[in-house]
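Here is the structure we will look at.
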Amino acid sequence: MKLAARVAQVTPSLTLVIDAKAKAMKRDGIDVLSFSVGEPDFDTPSHIRAAAAAALEEGKTRYGPAAGEPKLRQAIAQKLQRDNNLPYEAANIVVTNGGKHSLYNIMMALIEPGDEVIIPAPYWVSYPEMVKLAEGTPVIINTTLEAGFRMTPEQLQQAITPKTKLVILNSPSNPTGMVYTPDEIRAIAKVIVEHDLWVVSDEIYEKILYDDAQHLSIGAVSPASFERTIISSGFAKTYAMTGWRIGFVAAPLPLIKAIETIQSHSTSNVCTFAQYGAIAAYENSQDCVTEMVRAFAERRQIMLDALNTIPGFICPAPTGAFYLFPNISKLGVNSLNFCDGLLETQQVAAVPGIAFGADDCIRLSYATNVENIKAGMDRLANYVRSITS
Ligand SMILES: *Cc1c(COP(=O)(O)O)cnc(C)c1O
């Protein structure tokens with residue numbers, strides 16, 4: 001069968017591949033400890049589930065507007081004004097089938113063949129693949145552990161060419177957990193404004209912060225940066241709603257209109273009653289978020305302490321999201337072989353850094369219980385002993 005050329009250029013999501021392998025082993029009765037998947041282990045808070053269930057019972061079961069329920073678009077705009085200092089109206093919002101879908105829509109609406117898209121590495125697996133599907137060219141800027149996995153304004157400046165269309169930012173970051181400081185965001189915004197670029201700011205982890213980390217949306221830096229900012233976010237990570245598939249784009253009207261058109265010919269509206277759950281998530285107390293973040297903070301510390309006793313691992317403390325991204329280059333093995341061996345011999349699932357453009361690291365999610373974390377880090381230590389002795 002002759003498939004379209006665009007398919008040949010993209011690779012399947014390695015995180016989903018590893019997760020599928022770990023799940024298959026579990027089904028076979030093997031005691032797998034999984035740190036590979038990027039989703040909270042909590043159930044969706046009950047008031048959110050109740051709101052969706054009530055909507056379902058009330059008959060919110062029909063097609064709705066492709067751009068989303070007006071009430072949800074309004075709630076999202078209000079949240080962006082209140083929490084992020086971004087002056088969006090409901091008309092600037094499209095509700096999408098998850099943050100992944102919002103990013104995909106953005107690429108489809110903005111990128112033309114040959115357009116360059118700047119992506120700092122380590123990056124979320126899907127960014128370069130989405131850019132390629134839209135026939136753009138990903139331009140990767142490598143950042144290092146020593147630099148805290150931060151792209152500097154100078155690095156950004158140097159990567160810009162006449163073909164540069166947009167820059168993708170993700171703070172807090174998946175996979176590194178890095179969070180740009182407000183000053184760093186301001187410095188990056190300056191370069192973006194000077195070169196009149198677009199910036200896609202993936203803020204899906206904005207509420208998952210530790211220590212004294214602060215989230216500043218690049219769109220809130222100045223009116224000029226607001227005009228050039230496209231926000232992609234969603235409910236999955238903050239409210240433990242990964243399976244609900246609800247995200248959103250916030251952007252200037254012409255882009256929103258284009259995305260609405262694309263969506264009207266592809267997915268149409270997001271599941272109607274699910275959107276009522278999302279409304280409840282924003283309109284009620286945020287205590288559930290505080291509680292989940294507190295649990296993540298405790299687990300982060302336990303995993304960090306354990307990892308830093310393993311010889312050969314270098315792991316700085318991240319200040320956001322729920323991942324550790326230790327460097328394993330001292331162990332003399334690439335990330336894929338390391339993770340394969342770890343799964344085969346110790347039944348521990350981790351994601352090879354190569355999936356994120358960093359072959360000397362692995363990603364461990366601590367969105368799992370403390371008992372699993374302790375047992376998993378023991379097994380990891382055993383594995384490292386076995387390959388280094
Ligand atoms: C999880 C994630 C998303 C999107 O998740 P959805 O489940 O599609 O809402 C987007 N960006 C990053 C960096 C993520 O980790």
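Just so we're on the same page: first chain in the structure tokens is A, next is B, and so on; residues restart at 1 for each chain, and ligands are numbered from 1 in the order they show up.
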(message) Taking the DSSP secondary structure from the backbone, can you list the residues of segment 110-140 of chain A that are strand (DSSP E or B), as an MDAnalysis selection string?
(response) chainID A and resid 116:121 137:140
Write out as CSV a residue-level contact list of chain A versus ligand 1 with cut-off 6 Å: for each qualifying residue the closest pair of atoms and the distance in Å to one decimal, counting only C-alpha atoms and all ligand atoms, rows sorted by chain and residue number upward.
```
residue,atom,partner,partner_atom_place_in_ligand_line,distance
A:Gly98,CA,ligand 1,9 (O),3.5
A:Gly99,CA,ligand 1,9 (O),3.6
A:Lys100,CA,ligand 1,8 (O),3.7
A:Trp124,CA,ligand 1,13 (C),5.2
A:Asn174,CA,ligand 1,13 (C),4.9
A:Ile204,CA,ligand 1,11 (N),6.0
A:Gly234,CA,ligand 1,9 (O),5.1
A:Ala236,CA,ligand 1,9 (O),4.9
A:Thr242,CA,ligand 1,7 (O),4.9
A:Arg245,CA,ligand 1,9 (O),6.0
A:Gly247,CA,ligand 1,9 (O),5.3
```
Extract, using only C-alpha atoms, all DNA, RNA and protein residues at most 10 Å from Arg73 of chain A, discarding same-chain residues fewer than 4 positions from it, and format them as an mmCIF file with N, CA and C atoms, in the first residue's frame.
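Dumped to around.cif:
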```cif
data_model
loop_
_atom_site.group_PDB
_atom_site.id
_atom_site.type_symbol
_atom_site.label_atom_id
_atom_site.label_comp_id
_atom_site.auth_asym_id
_atom_site.auth_seq_id
_atom_site.Cartn_x
_atom_site.Cartn_y
_atom_site.Cartn_z
ATOM 1 N N ALA A 67 -16.683 24.954 18.314
ATOM 2 C CA ALA A 67 -15.665 25.637 19.123
ATOM 3 C C ALA A 67 -15.828 25.386 20.623
ATOM 4 N N GLY A 68 -16.916 24.729 20.998
ATOM 5 C CA GLY A 68 -17.101 24.416 22.410
ATOM 6 C C GLY A 68 -18.354 25.034 22.989
ATOM 7 N N GLU A 69 -18.793 24.534 24.145
ATOM 8 C CA GLU A 69 -19.952 25.090 24.840
ATOM 9 C C GLU A 69 -19.638 26.535 25.223
ATOM 10 N N ALA A 77 -11.912 31.753 29.370
ATOM 11 C CA ALA A 77 -11.455 33.141 29.196
ATOM 12 C C ALA A 77 -11.307 33.824 30.556
ATOM 13 N N GLN A 78 -12.273 33.593 31.433
ATOM 14 C CA GLN A 78 -12.203 34.212 32.763
ATOM 15 C C GLN A 78 -11.019 33.703 33.558
ATOM 16 N N LYS A 79 -10.767 32.416 33.450
ATOM 17 C CA LYS A 79 -9.611 31.823 34.149
ATOM 18 C C LYS A 79 -8.305 32.442 33.629
ATOM 19 N N GLU A 89 -11.188 37.044 25.519
ATOM 20 C CA GLU A 89 -12.642 36.943 25.632
ATOM 21 C C GLU A 89 -13.025 35.513 25.236
ATOM 22 N N ALA A 90 -14.274 35.149 25.512
ATOM 23 C CA ALA A 90 -14.743 33.802 25.141
ATOM 24 C C ALA A 90 -14.514 33.525 23.648
ATOM 25 N N ALA A 91 -14.637 34.573 22.813
ATOM 26 C CA ALA A 91 -14.473 34.403 21.368
ATOM 27 C C ALA A 91 -13.055 33.995 20.973
ATOM 28 N N ASN A 92 -12.093 34.204 21.888
ATOM 29 C CA ASN A 92 -10.697 33.856 21.604
ATOM 30 C C ASN A 92 -10.358 32.404 21.964
ATOM 31 N N ILE A 93 -11.371 31.632 22.362
ATOM 32 C CA ILE A 93 -11.119 30.280 22.859
ATOM 33 C C ILE A 93 -11.747 29.221 21.946
ATOM 34 N N VAL A 94 -11.007 28.157 21.660
ATOM 35 C CA VAL A 94 -11.619 26.956 21.075
ATOM 36 C C VAL A 94 -11.349 25.797 22.026
ATOM 37 N N VAL A 95 -12.402 25.057 22.341
ATOM 38 C CA VAL A 95 -12.259 23.859 23.177
ATOM 39 C C VAL A 95 -11.908 22.690 22.255
ATOM 40 N N PHE A 248 -7.688 23.315 25.288
ATOM 41 C CA PHE A 248 -8.151 24.522 24.591
ATOM 42 C C PHE A 248 -6.993 25.274 23.955
ATOM 43 N N ALA A 250 -6.111 29.366 23.119
ATOM 44 C CA ALA A 250 -6.495 30.767 23.261
ATOM 45 C C ALA A 250 -5.575 31.551 22.335
ATOM 46 N N GLN A 275 -17.665 18.421 28.681
ATOM 47 C CA GLN A 275 -17.374 19.856 28.817
ATOM 48 C C GLN A 275 -17.996 20.439 30.087
ATOM 49 N N ILE A 279 -16.276 22.709 33.091
ATOM 50 C CA ILE A 279 -16.812 23.963 33.656
ATOM 51 C C ILE A 279 -16.751 23.883 35.188
#
```
Go through segment 75-221 of chain A and collect every residue that DSSP, computed from the backbone, puts in helix (DSSP H, G or I); the answer should be as a compact mmCIF listing (two decimals) with N, CA, C and O atoms, in the first residue's frame.
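File written: result_32.txt
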```txt
# COMPACT_ATOMS: atom_id res chain seq x y z
N ALA A 75 -15.78 30.39 30.75
CA ALA A 75 -15.06 30.02 31.98
C ALA A 75 -13.54 29.99 31.73
O ALA A 75 -12.75 30.40 32.58
N ILE A 76 -13.15 29.53 30.55
CA ILE A 76 -11.72 29.47 30.22
C ILE A 76 -11.16 30.89 30.07
O ILE A 76 -10.09 31.21 30.60
N ALA A 77 -11.91 31.75 29.37
CA ALA A 77 -11.45 33.14 29.20
C ALA A 77 -11.31 33.82 30.56
O ALA A 77 -10.32 34.52 30.82
N GLN A 78 -12.27 33.59 31.43
CA GLN A 78 -12.20 34.21 32.76
C GLN A 78 -11.02 33.70 33.56
O GLN A 78 -10.33 34.46 34.24
N LYS A 79 -10.77 32.42 33.45
CA LYS A 79 -9.61 31.82 34.15
C LYS A 79 -8.31 32.44 33.63
O LYS A 79 -7.40 32.77 34.40
N LEU A 80 -8.21 32.63 32.31
CA LEU A 80 -6.97 33.18 31.73
C LEU A 80 -6.78 34.64 32.16
O LEU A 80 -5.67 35.09 32.40
N GLN A 81 -7.90 35.37 32.27
CA GLN A 81 -7.81 36.76 32.76
C GLN A 81 -7.37 36.79 34.21
O GLN A 81 -6.45 37.51 34.59
N ARG A 82 -8.03 35.98 35.01
CA ARG A 82 -7.84 36.00 36.46
C ARG A 82 -6.47 35.44 36.88
O ARG A 82 -5.72 36.07 37.61
N ASP A 83 -6.14 34.26 36.38
CA ASP A 83 -4.93 33.57 36.85
C ASP A 83 -3.68 34.00 36.08
O ASP A 83 -2.58 33.92 36.61
N ASN A 84 -3.84 34.36 34.82
CA ASN A 84 -2.67 34.54 33.97
C ASN A 84 -2.49 35.95 33.43
O ASN A 84 -1.52 36.22 32.73
N ALA A 90 -14.27 35.15 25.51
CA ALA A 90 -14.74 33.80 25.14
C ALA A 90 -14.51 33.52 23.65
O ALA A 90 -14.21 32.41 23.24
N ALA A 91 -14.64 34.57 22.81
CA ALA A 91 -14.47 34.40 21.37
C ALA A 91 -13.05 34.00 20.97
O ALA A 91 -12.83 33.50 19.87
N ASN A 92 -12.09 34.20 21.89
CA ASN A 92 -10.70 33.86 21.60
C ASN A 92 -10.36 32.40 21.96
O ASN A 92 -9.18 32.01 21.93
N GLY A 99 -5.05 18.81 25.09
CA GLY A 99 -3.97 19.73 24.75
C GLY A 99 -3.24 19.27 23.49
O GLY A 99 -2.76 20.08 22.70
N LYS A 100 -3.15 17.98 23.31
CA LYS A 100 -2.47 17.45 22.13
C LYS A 100 -3.20 17.90 20.87
O LYS A 100 -2.59 18.34 19.91
N HIS A 101 -4.51 17.81 20.90
CA HIS A 101 -5.31 18.21 19.75
C HIS A 101 -5.23 19.73 19.53
O HIS A 101 -5.24 20.20 18.38
N SER A 102 -5.13 20.49 20.60
CA SER A 102 -5.05 21.95 20.41
C SER A 102 -3.74 22.28 19.69
O SER A 102 -3.71 23.11 18.79
N LEU A 103 -2.65 21.60 20.08
CA LEU A 103 -1.36 21.85 19.41
C LEU A 103 -1.42 21.44 17.94
O LEU A 103 -0.91 22.13 17.06
N TYR A 104 -2.04 20.31 17.70
CA TYR A 104 -2.16 19.82 16.32
C TYR A 104 -2.95 20.82 15.46
O TYR A 104 -2.54 21.17 14.35
N ASN A 105 -4.05 21.30 16.00
CA ASN A 105 -4.85 22.31 15.29
C ASN A 105 -4.03 23.56 14.98
O ASN A 105 -4.14 24.13 13.88
N ILE A 106 -3.24 23.98 15.95
CA ILE A 106 -2.43 25.19 15.77
C ILE A 106 -1.44 25.00 14.60
O ILE A 106 -1.31 25.86 13.73
N MET A 107 -0.76 23.85 14.61
CA MET A 107 0.22 23.58 13.54
C MET A 107 -0.48 23.56 12.17
O MET A 107 0.02 24.10 11.20
N MET A 108 -1.65 22.92 12.13
CA MET A 108 -2.38 22.81 10.87
C MET A 108 -2.81 24.19 10.36
O MET A 108 -2.80 24.45 9.16
N ALA A 109 -3.17 25.06 11.28
CA ALA A 109 -3.68 26.37 10.88
C ALA A 109 -2.57 27.35 10.53
O ALA A 109 -2.81 28.30 9.78
N LEU A 110 -1.37 27.14 11.04
CA LEU A 110 -0.33 28.17 10.90
C LEU A 110 0.81 27.82 9.95
O LEU A 110 1.39 28.70 9.33
N SER A 126 5.70 14.99 20.97
CA SER A 126 4.85 15.23 19.80
C SER A 126 5.15 16.51 19.04
O SER A 126 4.73 16.64 17.89
N TYR A 127 5.88 17.46 19.63
CA TYR A 127 6.09 18.74 18.93
C TYR A 127 6.72 18.57 17.54
O TYR A 127 6.17 19.04 16.54
N PRO A 128 7.90 17.92 17.45
CA PRO A 128 8.52 17.84 16.12
C PRO A 128 7.67 17.04 15.14
O PRO A 128 7.60 17.38 13.95
N GLU A 129 7.00 16.01 15.65
CA GLU A 129 6.20 15.17 14.75
C GLU A 129 5.01 15.95 14.20
O GLU A 129 4.66 15.83 13.03
N MET A 130 4.39 16.75 15.05
CA MET A 130 3.26 17.57 14.58
C MET A 130 3.71 18.58 13.53
O MET A 130 3.01 18.83 12.55
N VAL A 131 4.88 19.16 13.78
CA VAL A 131 5.41 20.15 12.82
C VAL A 131 5.64 19.46 11.47
O VAL A 131 5.28 19.99 10.41
N LYS A 132 6.19 18.24 11.51
CA LYS A 132 6.44 17.51 10.27
C LYS A 132 5.13 17.15 9.57
O LYS A 132 5.04 17.22 8.35
N LEU A 133 4.13 16.75 10.34
CA LEU A 133 2.82 16.44 9.73
C LEU A 133 2.25 17.65 9.02
O LEU A 133 1.53 17.53 8.03
N PRO A 153 18.08 33.49 25.59
CA PRO A 153 17.66 34.39 24.51
C PRO A 153 18.69 34.41 23.38
O PRO A 153 18.32 34.52 22.21
N GLU A 154 19.98 34.26 23.72
CA GLU A 154 21.03 34.26 22.69
C GLU A 154 20.87 33.04 21.77
O GLU A 154 20.99 33.15 20.54
N GLN A 155 20.61 31.88 22.38
CA GLN A 155 20.40 30.67 21.57
C GLN A 155 19.21 30.85 20.63
O GLN A 155 19.27 30.47 19.46
N LEU A 156 18.16 31.44 21.15
CA LEU A 156 16.96 31.66 20.34
C LEU A 156 17.29 32.59 19.17
O LEU A 156 16.99 32.29 18.01
N GLN A 157 17.94 33.69 19.52
CA GLN A 157 18.35 34.68 18.52
C GLN A 157 19.11 34.02 17.35
O GLN A 157 18.84 34.26 16.19
N GLN A 158 20.06 33.15 17.74
CA GLN A 158 20.92 32.52 16.72
C GLN A 158 20.16 31.55 15.82
O GLN A 158 20.59 31.28 14.71
N ALA A 159 19.07 30.98 16.33
CA ALA A 159 18.35 29.97 15.55
C ALA A 159 17.35 30.60 14.57
O ALA A 159 16.82 29.93 13.69
N PRO A 182 10.23 34.27 35.72
CA PRO A 182 9.59 35.39 35.02
C PRO A 182 10.60 36.24 34.23
O PRO A 182 10.31 36.65 33.10
N ASP A 183 11.77 36.47 34.78
CA ASP A 183 12.77 37.27 34.04
C ASP A 183 13.22 36.57 32.76
O ASP A 183 13.43 37.22 31.73
N GLU A 184 13.39 35.27 32.85
CA GLU A 184 13.79 34.52 31.64
C GLU A 184 12.69 34.58 30.58
O GLU A 184 12.97 34.74 29.38
N ILE A 185 11.44 34.49 31.01
CA ILE A 185 10.31 34.59 30.07
C ILE A 185 10.31 35.98 29.42
O ILE A 185 10.12 36.12 28.20
N ARG A 186 10.57 37.01 30.22
CA ARG A 186 10.59 38.39 29.66
C ARG A 186 11.69 38.52 28.62
O ARG A 186 11.50 39.15 27.57
N ALA A 187 12.85 37.92 28.89
CA ALA A 187 13.97 38.02 27.94
C ALA A 187 13.66 37.29 26.64
O ALA A 187 13.99 37.76 25.54
N ILE A 188 12.99 36.16 26.73
CA ILE A 188 12.61 35.41 25.52
C ILE A 188 11.54 36.18 24.75
O ILE A 188 11.57 36.27 23.52
N ALA A 189 10.59 36.77 25.48
CA ALA A 189 9.52 37.55 24.84
C ALA A 189 10.11 38.69 24.02
O ALA A 189 9.63 39.02 22.92
N LYS A 190 11.17 39.30 24.54
CA LYS A 190 11.79 40.43 23.86
C LYS A 190 12.29 39.99 22.47
O LYS A 190 12.06 40.69 21.47
N VAL A 191 12.95 38.85 22.42
CA VAL A 191 13.46 38.35 21.13
C VAL A 191 12.30 38.04 20.18
O VAL A 191 12.35 38.37 18.99
N ILE A 192 11.26 37.44 20.71
CA ILE A 192 10.11 37.08 19.87
C ILE A 192 9.44 38.32 19.28
O ILE A 192 9.10 38.36 18.10
N VAL A 193 9.30 39.35 20.10
CA VAL A 193 8.69 40.59 19.62
C VAL A 193 9.60 41.26 18.59
O VAL A 193 9.13 41.69 17.52
N GLU A 194 10.89 41.32 18.90
CA GLU A 194 11.83 41.97 17.97
C GLU A 194 11.80 41.34 16.59
O GLU A 194 11.93 42.02 15.58
N ILE A 218 4.00 33.89 28.80
CA ILE A 218 4.72 34.82 27.94
C ILE A 218 3.77 35.87 27.34
O ILE A 218 4.18 37.01 27.05
N GLY A 219 2.50 35.54 27.24
CA GLY A 219 1.53 36.49 26.70
C GLY A 219 1.25 37.65 27.65
O GLY A 219 0.71 38.68 27.24
N ALA A 220 1.62 37.49 28.92
CA ALA A 220 1.34 38.54 29.91
C ALA A 220 2.50 39.52 30.05
O ALA A 220 2.42 40.46 30.84
```
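Put simply, atom CA of Leu307 of chain A is 24.1 Å away from atom CA of Lys237 of chain A.
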Using only C-alpha atoms, I'd like a table of the residues in segment 120-217 of chain A that come within 10 Å of segment 313-317 of chain A; for each, show the closest atom pair and its distance in Å rounded to one decimal, ordered by chain and ascending number, as CSV.
```
residue,atom,partner,partner_atom,distance
A:Leu145,CA,A:Pro316,CA,8.1
A:Glu146,CA,A:Pro316,CA,9.4
A:Gly148,CA,A:Pro316,CA,8.2
A:Thr176,CA,A:Pro316,CA,9.5
A:Gly177,CA,A:Ala317,CA,8.3
A:Met178,CA,A:Ala317,CA,8.8
A:Tyr210,CA,A:Ala317,CA,9.7
A:Asp211,CA,A:Ala317,CA,9.9
```
(request) Find the residues near Leu14 of chain A: any atom within 10 Å, counting only C-alpha atoms, skip ones fewer than 2 places away on the same chain, and give them as number ranges by chain. (result) A: 11-12, 16-20, 125-126, 351-356
Kindly save the residues from that selection, with N, CA and C atoms included, as a PDB file, in the first residue's frame.
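Dumped to again.pdb:
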```pdb
ATOM      1  N   THR A  11       7.293   9.399  13.511  1.00  0.00           N
ATOM      2  CA  THR A  11       7.456   8.167  14.274  1.00  0.00           C
ATOM      3  C   THR A  11       6.357   8.097  15.326  1.00  0.00           C
ATOM      4  N   PRO A  12       5.915   6.877  15.660  1.00  0.00           N
ATOM      5  CA  PRO A  12       4.878   6.769  16.694  1.00  0.00           C
ATOM      6  C   PRO A  12       5.418   7.264  18.033  1.00  0.00           C
ATOM      7  N   LEU A  16       4.006   6.200  24.389  1.00  0.00           N
ATOM      8  CA  LEU A  16       2.846   5.315  24.321  1.00  0.00           C
ATOM      9  C   LEU A  16       3.283   3.885  24.014  1.00  0.00           C
ATOM     10  N   VAL A  17       4.359   3.719  23.234  1.00  0.00           N
ATOM     11  CA  VAL A  17       4.875   2.389  22.902  1.00  0.00           C
ATOM     12  C   VAL A  17       5.364   1.684  24.172  1.00  0.00           C
ATOM     13  N   ILE A  18       6.168   2.387  24.963  1.00  0.00           N
ATOM     14  CA  ILE A  18       6.710   1.800  26.196  1.00  0.00           C
ATOM     15  C   ILE A  18       5.575   1.465  27.151  1.00  0.00           C
ATOM     16  N   ASP A  19       4.627   2.384  27.237  1.00  0.00           N
ATOM     17  CA  ASP A  19       3.510   2.161  28.142  1.00  0.00           C
ATOM     18  C   ASP A  19       2.706   0.929  27.720  1.00  0.00           C
ATOM     19  N   ALA A  20       2.525   0.762  26.417  1.00  0.00           N
ATOM     20  CA  ALA A  20       1.778  -0.394  25.915  1.00  0.00           C
ATOM     21  C   ALA A  20       2.529  -1.687  26.269  1.00  0.00           C
ATOM     22  N   VAL A 125       7.514  14.833  23.208  1.00  0.00           N
ATOM     23  CA  VAL A 125       7.632  13.970  22.019  1.00  0.00           C
ATOM     24  C   VAL A 125       6.882  14.436  20.786  1.00  0.00           C
ATOM     25  N   SER A 126       5.704  14.988  20.975  1.00  0.00           N
ATOM     26  CA  SER A 126       4.849  15.227  19.805  1.00  0.00           C
ATOM     27  C   SER A 126       5.151  16.512  19.036  1.00  0.00           C
ATOM     28  N   VAL A 351      11.000   6.019  30.399  1.00  0.00           N
ATOM     29  CA  VAL A 351      11.038   6.416  28.986  1.00  0.00           C
ATOM     30  C   VAL A 351      12.450   6.876  28.608  1.00  0.00           C
ATOM     31  N   PRO A 352      13.009   6.310  27.532  1.00  0.00           N
ATOM     32  CA  PRO A 352      14.335   6.734  27.085  1.00  0.00           C
ATOM     33  C   PRO A 352      14.337   8.210  26.667  1.00  0.00           C
ATOM     34  N   GLY A 353      15.358   8.922  27.078  1.00  0.00           N
ATOM     35  CA  GLY A 353      15.458  10.337  26.757  1.00  0.00           C
ATOM     36  C   GLY A 353      15.483  10.636  25.269  1.00  0.00           C
ATOM     37  N   ILE A 354      15.898   9.664  24.472  1.00  0.00           N
ATOM     38  CA  ILE A 354      15.960   9.886  23.021  1.00  0.00           C
ATOM     39  C   ILE A 354      14.593  10.309  22.475  1.00  0.00           C
ATOM     40  N   ALA A 355      13.533   9.851  23.124  1.00  0.00           N
ATOM     41  CA  ALA A 355      12.183  10.233  22.687  1.00  0.00           C
ATOM     42  C   ALA A 355      11.975  11.744  22.784  1.00  0.00           C
ATOM     43  N   PHE A 356      12.762  12.375  23.643  1.00  0.00           N
ATOM     44  CA  PHE A 356      12.625  13.824  23.870  1.00  0.00           C
ATOM     45  C   PHE A 356      13.828  14.591  23.312  1.00  0.00           C
TER      46      PHE A 356
END
```
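Proximity of A:Ile208, A:Ile373, A:Ile168, A:Leu253 to Asp305 of chain A, computed with only C-alpha atoms, is greatest for A:Ile373.
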(message) Just want the 10 Å neighbourhood of segment 370-372 of chain A, counted on only C-alpha atoms, with same-chain residues fewer than 2 positions away dropped. Output as a PyMOL selection string.
(response) chain A and resi 32-35+295-296+298-300+302-303+366-368+374-378
(request) Just the residues within 8 Å of Val117 of chain A, please, counting only C-alpha atoms, with nothing from its chain fewer than 5 positions along; format it as an MDAnalysis selection string. (result) chainID A and resid 131 136:139 164:168
(request) In Å, rounded to a single decimal, give me how far atom CA of Val270 of chain A is from atom CA of Asn97 of chain A. (result)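 Separation between atom CA of Asn97 of chain A and atom CA of Val270 of chain A: 5.7 Å.
Minimum atom-to-atom distances from A:Glu57, A:Glu206, A:Glu135, A:Glu344 to Tyr276 of chain A were compared using only C-alpha atoms, and the lowest value belongs to A:Glu57.
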(message) As an exercise, work out the distance from atom CA of Gly243 of chain A to atom CA of Ile259 of chain A in Å and give it to one decimal place.
(response)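 Straight-line distance from atom CA of Gly243 of chain A to atom CA of Ile259 of chain A works out to 22.4 Å.
Comparing A:Gln347, A:Ser222, A:Leu304, A:His195 by their smallest distance to Leu364 of chain A, the closest is A:Leu304 (using only C-alpha atoms).
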How close does each residue of segment 204-312 of chain A get to segment 381-386 of chain A, giving the shortest atom pair and distance in Å to one decimal for every residue with an atom at most 9 Å away, counting only C-alpha atoms, sorted by chain and residue number, as CSV?
```
residue,atom,partner,partner_atom,distance
A:Ala306,CA,A:Ala381,CA,8.8
A:Leu307,CA,A:Ala381,CA,8.1
A:Thr309,CA,A:Ala381,CA,8.6
A:Ile310,CA,A:Ala381,CA,5.9
A:Pro311,CA,A:Val384,CA,7.9
A:Gly312,CA,A:Val384,CA,8.3
```
For Ala240 of chain A: contacts at 12 Å, only C-alpha atoms, fewer than 3 positions along chain excluded, given as a CSV table (one decimal) with N, CA and C atoms, in the first residue's frame:
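Contents of out-v3.csv, as written:
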```csv
chain,number,residue,atom,x,y,z
A,38,GLY,N,2.8,9.7,31.4
A,38,GLY,CA,2.6,11.0,31.9
A,38,GLY,C,1.2,11.3,32.3
A,39,GLU,N,0.7,10.7,33.3
A,39,GLU,CA,-0.6,11.1,33.8
A,39,GLU,C,-0.8,10.9,35.3
A,40,PRO,N,-1.5,11.8,36.0
A,40,PRO,CA,-1.7,11.6,37.4
A,40,PRO,C,-2.4,10.3,37.7
A,41,ASP,N,-2.0,9.7,38.8
A,41,ASP,CA,-2.7,8.4,39.2
A,41,ASP,C,-4.0,8.7,40.0
A,42,PHE,N,-4.3,9.9,40.3
A,42,PHE,CA,-5.5,10.2,41.0
A,42,PHE,C,-6.8,10.0,40.2
A,43,ASP,N,-7.9,9.8,40.8
A,43,ASP,CA,-9.2,9.9,40.1
A,43,ASP,C,-9.5,11.3,39.9
A,44,THR,N,-10.3,11.6,38.9
A,44,THR,CA,-10.9,13.0,38.7
A,44,THR,C,-11.7,13.3,40.0
A,45,PRO,N,-11.5,14.5,40.5
A,45,PRO,CA,-12.2,14.9,41.7
A,45,PRO,C,-13.7,14.7,41.6
A,46,SER,N,-14.4,14.3,42.7
A,46,SER,CA,-15.8,13.9,42.6
A,46,SER,C,-16.7,15.0,42.1
A,48,ILE,N,-16.3,17.2,39.9
A,48,ILE,CA,-16.1,17.3,38.4
A,48,ILE,C,-16.9,16.1,37.8
A,49,ARG,N,-16.7,14.9,38.3
A,49,ARG,CA,-17.4,13.7,37.8
A,49,ARG,C,-18.9,13.9,37.9
A,204,ILE,N,0.3,23.5,30.0
A,204,ILE,CA,-0.6,22.5,30.6
A,204,ILE,C,-0.2,22.1,32.0
A,205,TYR,N,1.1,22.4,32.4
A,205,TYR,CA,1.5,22.1,33.8
A,205,TYR,C,1.6,23.3,34.7
A,208,ILE,N,1.3,23.0,38.4
A,208,ILE,CA,2.1,22.0,39.1
A,208,ILE,C,3.5,22.5,39.3
A,234,GLY,N,-5.0,22.6,28.9
A,234,GLY,CA,-6.0,21.7,29.1
A,234,GLY,C,-6.2,21.3,30.5
A,235,PHE,N,-7.1,20.3,30.7
A,235,PHE,CA,-7.6,19.9,32.0
A,235,PHE,C,-6.9,18.7,32.5
A,236,ALA,N,-6.2,18.0,31.6
A,236,ALA,CA,-5.7,16.6,31.9
A,236,ALA,C,-4.8,16.5,33.1
A,237,LYS,N,-3.8,17.4,33.2
A,237,LYS,CA,-2.8,17.3,34.2
A,237,LYS,C,-3.2,17.9,35.5
A,243,GLY,N,-8.3,11.1,30.5
A,243,GLY,CA,-9.1,10.4,29.6
A,243,GLY,C,-10.3,11.2,29.1
A,244,TRP,N,-10.6,12.3,29.7
A,244,TRP,CA,-11.7,13.1,29.3
A,244,TRP,C,-11.5,13.8,27.9
A,245,ARG,N,-10.3,14.1,27.6
A,245,ARG,CA,-9.9,14.7,26.4
A,245,ARG,C,-10.5,16.1,26.2
A,246,ILE,N,-10.1,17.0,27.1
A,246,ILE,CA,-10.5,18.4,27.0
A,246,ILE,C,-9.3,19.3,27.1
A,277,GLY,N,-18.2,18.9,32.9
A,277,GLY,CA,-17.2,18.6,34.0
A,277,GLY,C,-16.1,19.6,34.0
A,278,ALA,N,-15.6,20.0,32.8
A,278,ALA,CA,-14.6,21.0,32.8
A,278,ALA,C,-15.0,22.3,33.4
A,281,ALA,N,-14.8,22.1,36.9
A,281,ALA,CA,-13.4,22.2,37.4
A,281,ALA,C,-12.9,23.6,37.6
A,288,CYS,N,-8.7,20.8,45.4
A,288,CYS,CA,-8.3,19.5,44.9
A,288,CYS,C,-6.9,19.6,44.2
A,289,VAL,N,-6.7,20.7,43.6
A,289,VAL,CA,-5.4,20.9,42.9
A,289,VAL,C,-4.3,21.0,43.9
A,291,GLU,N,-4.2,19.9,46.8
A,291,GLU,CA,-3.9,18.5,47.5
A,291,GLU,C,-3.1,17.6,46.6
A,292,MET,N,-3.4,17.6,45.3
A,292,MET,CA,-2.6,16.8,44.4
A,292,MET,C,-1.2,17.3,44.2
A,293,VAL,N,-1.0,18.6,44.2
A,293,VAL,CA,0.3,19.1,44.1
A,293,VAL,C,1.1,18.8,45.3
A,367,ALA,N,4.2,10.4,39.2
A,367,ALA,CA,2.7,10.4,39.4
A,367,ALA,C,2.2,9.0,39.8
```
